[in-house]
Each structure stands twice: as C-alpha cells, then as structure tokens.
Amino acid sequence: SSVTRDQLVRIAGDGFNGQGAIVNNSYESLATLSDLVLDADASVGGSKRFDVRGNQSGYARNSASINGPGKTLTVMTTSPGAFGIVNATVNLDSIVVTNGGVFRMEGATYHLDRGVRLVNGGTVDFYAGTFPADVAITAESGENTIKNSAGTVMFNGPITVSPGATLTHTGGTIDYNGGITGAFSQTGGTIGFAGPINSPIDFAGGAMYLNSGVPESGFTLNGTTDAGTVYFRQSGTFSDANITAQSFCVADLTNSTVDVTFNNSTFNLYNLYLGWGCKDKANPPSGYLSIGPGTTLMATTKICIGDDGTSTSNNIKSVMSVDGGNVHHTGTIFYIAYNGPHADFVMNSGTTTVDQATIQLRGNNQALGGVNTSRFIQNGGVFNYGGAGFTARFEDNTEDGQIVFKGGEMNASANWSIPQWISTCFKDGDANGWTLNQADGTTVTWTTALQGEGDVTLKGAATLAGNKEVQGAVGGKWTVGDGFTAGLQGAASLLGGLDIGEGACVTVDIATNRSAVFTARDYGDNPGNSGCITNRFNKQFGGTTRGTITHDETFFFTKYAAAADRPFGNLNYQSTYALGQFYVEEGAAGTWSFTGKCDDYVQLWIDGVLV
C-alpha cells in the first residue's frame, strides 16, 4: 500500500509470503515513517524510496525507530527505489538486503545482533556519517555492492565476505576502519583502509588509500595497469606482496614520514610516485622506499621521486633505494625531485634497468631558494642504461644537482651524456670502485665537473668525451680498458694513477690561468652534497703517456693579489698561478704536454725556468 508522512506502521506477520510486508510503489517523492514495529520477521520493498526518519523537522518525529528485538527486516526494494534509515534507533536481530534490494544507511543508532547481511545481490548505500564498530556487514552469497552517495563515510565495523560471495565498492568515499575479510573489490570511488586487510583485494578503478592494516606478509592487490591509483601510507617491512596498479604512490598527502621496505615482492605498475602531491603544502611528507632482495618492480611509464611541485616547504626528503631487488623502467620519464628539494635515487645492490628515459634531476622552485639538491647515487649493484643521459633544472632556470658514482657497474647501451651543470662525484666505494661498460661504438660525454676520490674503470671499444673548460679534478685511480678512447681533459689530478690498456688512447691535459677551473666549489652543509665535494679543483697534474702516472705531492693553485707576492713578476692582478709538483713513475715516462687557456697568454715555468 501507499504510505504517508509520519505514519506509524505495525507489521503483524500475516502479509507477504507469510510475513508482514510494506511496499511503496506509488510516491515519486520521498515517503517517511515515524516508527516501524515488527511483531514478526518482515520485509520492505517497492520501486519508490521511503525511510524511517527522525531528528529532522518536516519529516518524522524525533523519536523515530525500528523496533523488533530478535526479528529480521528484509529489504527487497527494486532500484532506483531504496529503503533508508535516517537518524533513527534500530533494535533488530539483522537487516537482510537481497535480490536487488537497496538499503540506505544514514546516521542511526543500531543494535543489530547479526548486523547487515547481503544475500544474492544486495546493496548498502551510505549517505555520509560515522558508523560504530558494533555494526557489522556480511556478504553471505552472490554478488553484492557497497557505495556512498554523498559526503565521507567512516565505517568502523568489520566487513566479512563469505566464501563464494563478493562485495564490490562501486563509488563514493568510504573509510573502512574495522577490517575486511574475504573477496572485496573496488571499481570506482575512493576508499581508505585503516583496519586489518585479511584477504586479497581486486582493484579496477578509483583511488585506494592504504593508511594501515596491510599485512606484513602476503598482501595481494589485483589491479590493472590502466585504471586507478593506490596510495601507500603505512611504514614497515613487507614481504611476499603482489601488487598490480596503474599508479602506486608512497607517502602522498600526510605530514608524517613513510618508510617502506619490500622483500620478495612483485610490482607491475604504470607509474611509481614517491613523496608526491602534498595536501598540506607547508608540511609535506617524506618518503623512503627500499626495493629489497627478491623484489621485482616494473614501471612502464613514470618513476617520480619527490614532491610534485606544489610544496611550500624545504622540510622534505624522498629516497628510493634499490637494495638487492630488481627495478625495470621502460618509459620516458624518470624524475628525481620534481620541483621539491632533497630527493635521491640510490643503487646499493641488485639491478636497475632504465630502457630509454632521460634521468631528470629537477630540484625545487625559486621561492625556496633555488637549490637543486637532487642526486643520482650508485654505491653498488648493476645499472643497465639505454637512455640519453642526465639533465637538471629548477624553476628559476639555474641548474644543479649531483651524480655520485661510488661502486658497482653501469652498462650503457647507447650514447649518453652529463651536462656541465651537474657535478659528478667519484667516492671511495668497494674494492673495485665504479665500472662503466660502454657499448662498442658509442660515446659518453661528460662536460660536467668531475670530483672526488673513487676508482673508475672504463671498458668497451667506446669513447669518453670531455670538455676541459668546465671539468674539475678527480683523485681516484682510473683504469682504461683495451680499445677505449678516453679524453680526460681538465680532469687531470688522477691522484691514484692511470692504468691504460693495450690499444687504449688517453689524453690528459692540465689547464692553467682559468679561474673557473681552479676555484673550488664549497657546498658546505648544503643537503645532498656534503661529504662528496672536496676542494679538488685546485689539485691538478697530467700528461699524455702510456703506463701508470702517479705523484708524490699534489698540485695546488693560488691566486696572488699583491705584486710582491707573485713568484713570477708583476703580472696582471687577475692572473691565476699554478704552483706545485708532479712526478712520473720510473719507466712510465712519455711525452708531456701542458696546455692552458686565458684571454691573453699563458706562461709555464718548471723549476724556475720559463719554458
């Protein structure tokens, strides 16, 4: 029958299917009841929506309720109709939603001994509000739906999906804080998890926020690489995870540090984001992501480390490290510190393969001081590279950043380069230092400033090209393999020596009277650079020879401001003088050439003799 507003309805158990029943098929507009009293199990249904509604003027009286202790109310409303409970008091054994029924939950006080039960095609439709932990939802059989029509829902009770049943979140925003067990899936909308996740999740679209509750072992997310974003906000060490998603974002919209390690896990992703999309612009998150042993991460389009350019704070650090795992990036975008400060990509062990991307060290914007502290660091492992090299910038167009080669191997299959504005530091690493295996017939071009003390090995029938105008000095032992052509112009202070293989060709020049070469860059405590940069622009020697070049005392260069202090006479006050010693090991002597550039002329003095 039809119902009218503020009508008291008692279902006595002598109606539909042997039970009491009320059906609303007549009213296009919302019909409401003030009370629904069950003397026996009952059902509600129909093609039009109606509610038991209280605490709102113009609808039912304030004390609206559904009362039937121990009784079951079955919702069989046919969409687009629905049966709703709005700000009412409920005392039942359970509410069963079945056969296309739609149950609208909106702000009520519930006592349900067996909770809300979904059977063979039931739907729960929330409308804003917070629901207590003692309200449970169980999908007992068939394919069932859960969604939200408005606002944000906090559902704090447990959700259980029985074997053979399914439950799908189709739209709206719901935070599931009470834990989920069984076959749960998402096709749209936004959901957040804070309770324990006890089963695999199917993910086909929308946004999923993993705030907490992810199991430490065996978490499975069956997504697709063309829909949806997963936001991972839980710190910890996780193993045996299996995650497929379009985008996987670690440390996104919260202010805290998210520190995550994955071991023996598999990722199949379209995009990987770390420390991305700061909601609180002045207090962004810091993200640390470690790809541990046994983990394989495939990213087919983007790897982005650091803020997305919206932060207004320097207080952020994002680091992605490869610690025994395997990373394979097939796309064209590899960002380290998009426009935000303090971001690193670190190779410690394992393997990283970048098929084609130019690696961009991008740095923060001018409003934050214009300091690009992003770094690419290889401490060990194997880095396979097929891209064109590195670039760097930040928003006021002053470019910086740093590359650190400490250990491990880099296998380069194509021409690549490092531009002059990215300093390249070689540090003391493992016993073998850093090795470049350059593909035969290709060229690597370093117009950058070379610094540090690490050992370097160059292999392959390839070419290293340089530019002495902008290079500095390096202190490690350089080993140039057979067939390799290396032009180390301007990087001549090879303090550990130079070993040249059979058939290799090496040109090493020393430059003088060039202040840009001899003036050391002091990074001080600048985050991201301290510990790598030493004043080795002012320690240089060199030549062209075969064999091993060593030394017993490094060059040092000094500017003399007063004429009386100058060892070679009263020359122009802007001149720069190189003063020091070099030594060629016995049996390794060759033909030495010293070259320098300035805007007037160069003088070379050896043992007080102008040569």
# chains A, B, ... in the order shown; residues from 1 in each chain; ligands from 1
call {"tool": "residues_around", "arguments": {"residues": "A:Asn67", "least_positions_apart": "3", "cutoff": "9 Å", "atoms": "only C-alpha atoms", "output": "PyMOL selection string"}}
result
chain A and resi 35-39+71+89-92
call {"tool": "residues_around", "arguments": {"residues": "A:Pro132", "least_positions_apart": "6", "cutoff": "12 Å", "atoms": "only C-alpha atoms", "output": "ChimeraX atom specification"}}
result
/A:107-112,115,153-158,176-178
call {"tool": "closest_residue", "arguments": {"among": "A:Phe238, A:Ser149, A:Gly205, A:Asn222", "to": "A:Ala183", "atoms": "only C-alpha atoms"}}
result
A:Asn222
call {"tool": "atom_distance", "arguments": {"atom1": "atom CA of A:Thr435", "atom2": "atom CA of A:Met410"}}
result
6.2 Å
call {"tool": "atom_distance", "arguments": {"atom1": "atom CA of A:Gly483", "atom2": "atom CA of A:Lys459"}}
result
7.9 Å
call {"tool": "residues_around", "arguments": {"residues": "A:Gly401", "least_positions_apart": "2", "cutoff": "7 Å", "atoms": "only C-alpha atoms", "output": "number ranges by chain"}}
result
A: 361, 372-375, 392, 422-423
call {"tool": "write_last_selection", "arguments": {"atoms": "N, CA and C atoms", "output": "PDB file, in the first residue's frame"}}
result
ATOM      1  N   LEU A 361      67.179  15.459 -12.865  1.00  0.00           N
ATOM      2  CA  LEU A 361      67.343  15.976 -11.515  1.00  0.00           C
ATOM      3  C   LEU A 361      66.792  17.398 -11.533  1.00  0.00           C
ATOM      4  N   ASN A 372      68.913  23.021  -6.149  1.00  0.00           N
ATOM      5  CA  ASN A 372      68.588  21.672  -6.593  1.00  0.00           C
ATOM      6  C   ASN A 372      69.519  20.710  -5.863  1.00  0.00           C
ATOM      7  N   THR A 373      68.980  19.982  -4.885  1.00  0.00           N
ATOM      8  CA  THR A 373      69.798  19.051  -4.120  1.00  0.00           C
ATOM      9  C   THR A 373      69.484  17.603  -4.474  1.00  0.00           C
ATOM     10  N   SER A 374      68.893  17.371  -5.612  1.00  0.00           N
ATOM     11  CA  SER A 374      68.562  16.006  -6.006  1.00  0.00           C
ATOM     12  C   SER A 374      69.824  15.277  -6.469  1.00  0.00           C
ATOM     13  N   ARG A 375      69.860  13.959  -6.198  1.00  0.00           N
ATOM     14  CA  ARG A 375      71.074  13.196  -6.502  1.00  0.00           C
ATOM     15  C   ARG A 375      70.724  11.843  -7.116  1.00  0.00           C
ATOM     16  N   ALA A 392      69.181  18.480 -15.671  1.00  0.00           N
ATOM     17  CA  ALA A 392      68.788  19.055 -14.383  1.00  0.00           C
ATOM     18  C   ALA A 392      68.250  20.457 -14.597  1.00  0.00           C
ATOM     19  N   ILE A 422      75.778  19.662 -13.852  1.00  0.00           N
ATOM     20  CA  ILE A 422      75.616  18.607 -12.855  1.00  0.00           C
ATOM     21  C   ILE A 422      77.002  18.123 -12.450  1.00  0.00           C
ATOM     22  N   SER A 423      77.390  18.368 -11.208  1.00  0.00           N
ATOM     23  CA  SER A 423      78.693  17.893 -10.753  1.00  0.00           C
ATOM     24  C   SER A 423      78.643  16.383 -10.574  1.00  0.00           C
TER      25      SER A 423
END
call {"tool": "closest_residue", "arguments": {"among": "A:Asp440, A:Asp93, A:Asp307, A:Asp175", "to": "A:Trp276", "atoms": "only C-alpha atoms"}}
result
A:Asp307
call {"tool": "closest_residue", "arguments": {"among": "A:Asp240, A:Asp259, A:Glu216, A:Glu143", "to": "A:Phe184", "atoms": "only C-alpha atoms"}}
result
A:Glu143
call {"tool": "residues_around", "arguments": {"residues": "A:Thr442", "least_positions_apart": "3", "cutoff": "8 Å", "atoms": "only C-alpha atoms", "output": "PyMOL selection string"}}
result
chain A and resi 413-415+438-439+462-463
call {"tool": "write_last_selection", "arguments": {"atoms": "all heavy atoms", "output": "short mmCIF file (atom, residue, chain, number, x, y, z; two decimals), in the first residue's frame"}}
result
data_model
loop_
_atom_site.label_atom_id
_atom_site.label_comp_id
_atom_site.auth_asym_id
_atom_site.auth_seq_id
_atom_site.Cartn_x
_atom_site.Cartn_y
_atom_site.Cartn_z
N SER A 413 74.13 1.11 -23.13
CA SER A 413 73.97 0.53 -24.46
C SER A 413 73.82 1.58 -25.56
O SER A 413 73.70 1.23 -26.73
CB SER A 413 72.74 -0.39 -24.48
OG SER A 413 71.57 0.33 -24.13
N ALA A 414 73.81 2.87 -25.20
CA ALA A 414 73.62 3.94 -26.19
C ALA A 414 74.46 5.14 -25.78
O ALA A 414 75.06 5.18 -24.70
CB ALA A 414 72.14 4.33 -26.29
N ASN A 415 74.54 6.12 -26.67
CA ASN A 415 75.21 7.37 -26.33
C ASN A 415 74.48 8.05 -25.18
O ASN A 415 73.25 8.10 -25.14
CB ASN A 415 75.22 8.32 -27.52
CG ASN A 415 75.99 7.77 -28.71
OD1 ASN A 415 76.84 6.89 -28.56
ND2 ASN A 415 75.69 8.27 -29.89
N GLN A 438 80.75 0.50 -21.49
CA GLN A 438 80.11 1.27 -22.55
C GLN A 438 80.06 0.43 -23.83
O GLN A 438 81.05 -0.18 -24.22
CB GLN A 438 80.87 2.57 -22.80
CG GLN A 438 80.19 3.54 -23.74
CD GLN A 438 78.93 4.16 -23.15
OE1 GLN A 438 78.83 4.34 -21.96
NE2 GLN A 438 77.98 4.51 -24.01
N ALA A 439 78.90 0.41 -24.48
CA ALA A 439 78.73 -0.41 -25.67
C ALA A 439 79.70 0.01 -26.77
O ALA A 439 79.98 1.21 -26.96
CB ALA A 439 77.29 -0.31 -26.18
N ALA A 462 84.75 1.97 -26.88
CA ALA A 462 83.87 3.13 -26.84
C ALA A 462 84.70 4.38 -26.61
O ALA A 462 85.93 4.35 -26.57
CB ALA A 462 82.82 2.95 -25.75
N THR A 463 84.02 5.51 -26.47
CA THR A 463 84.69 6.80 -26.35
C THR A 463 84.14 7.56 -25.15
O THR A 463 82.93 7.63 -24.96
CB THR A 463 84.51 7.64 -27.61
OG1 THR A 463 85.04 6.93 -28.73
CG2 THR A 463 85.21 8.98 -27.49
#
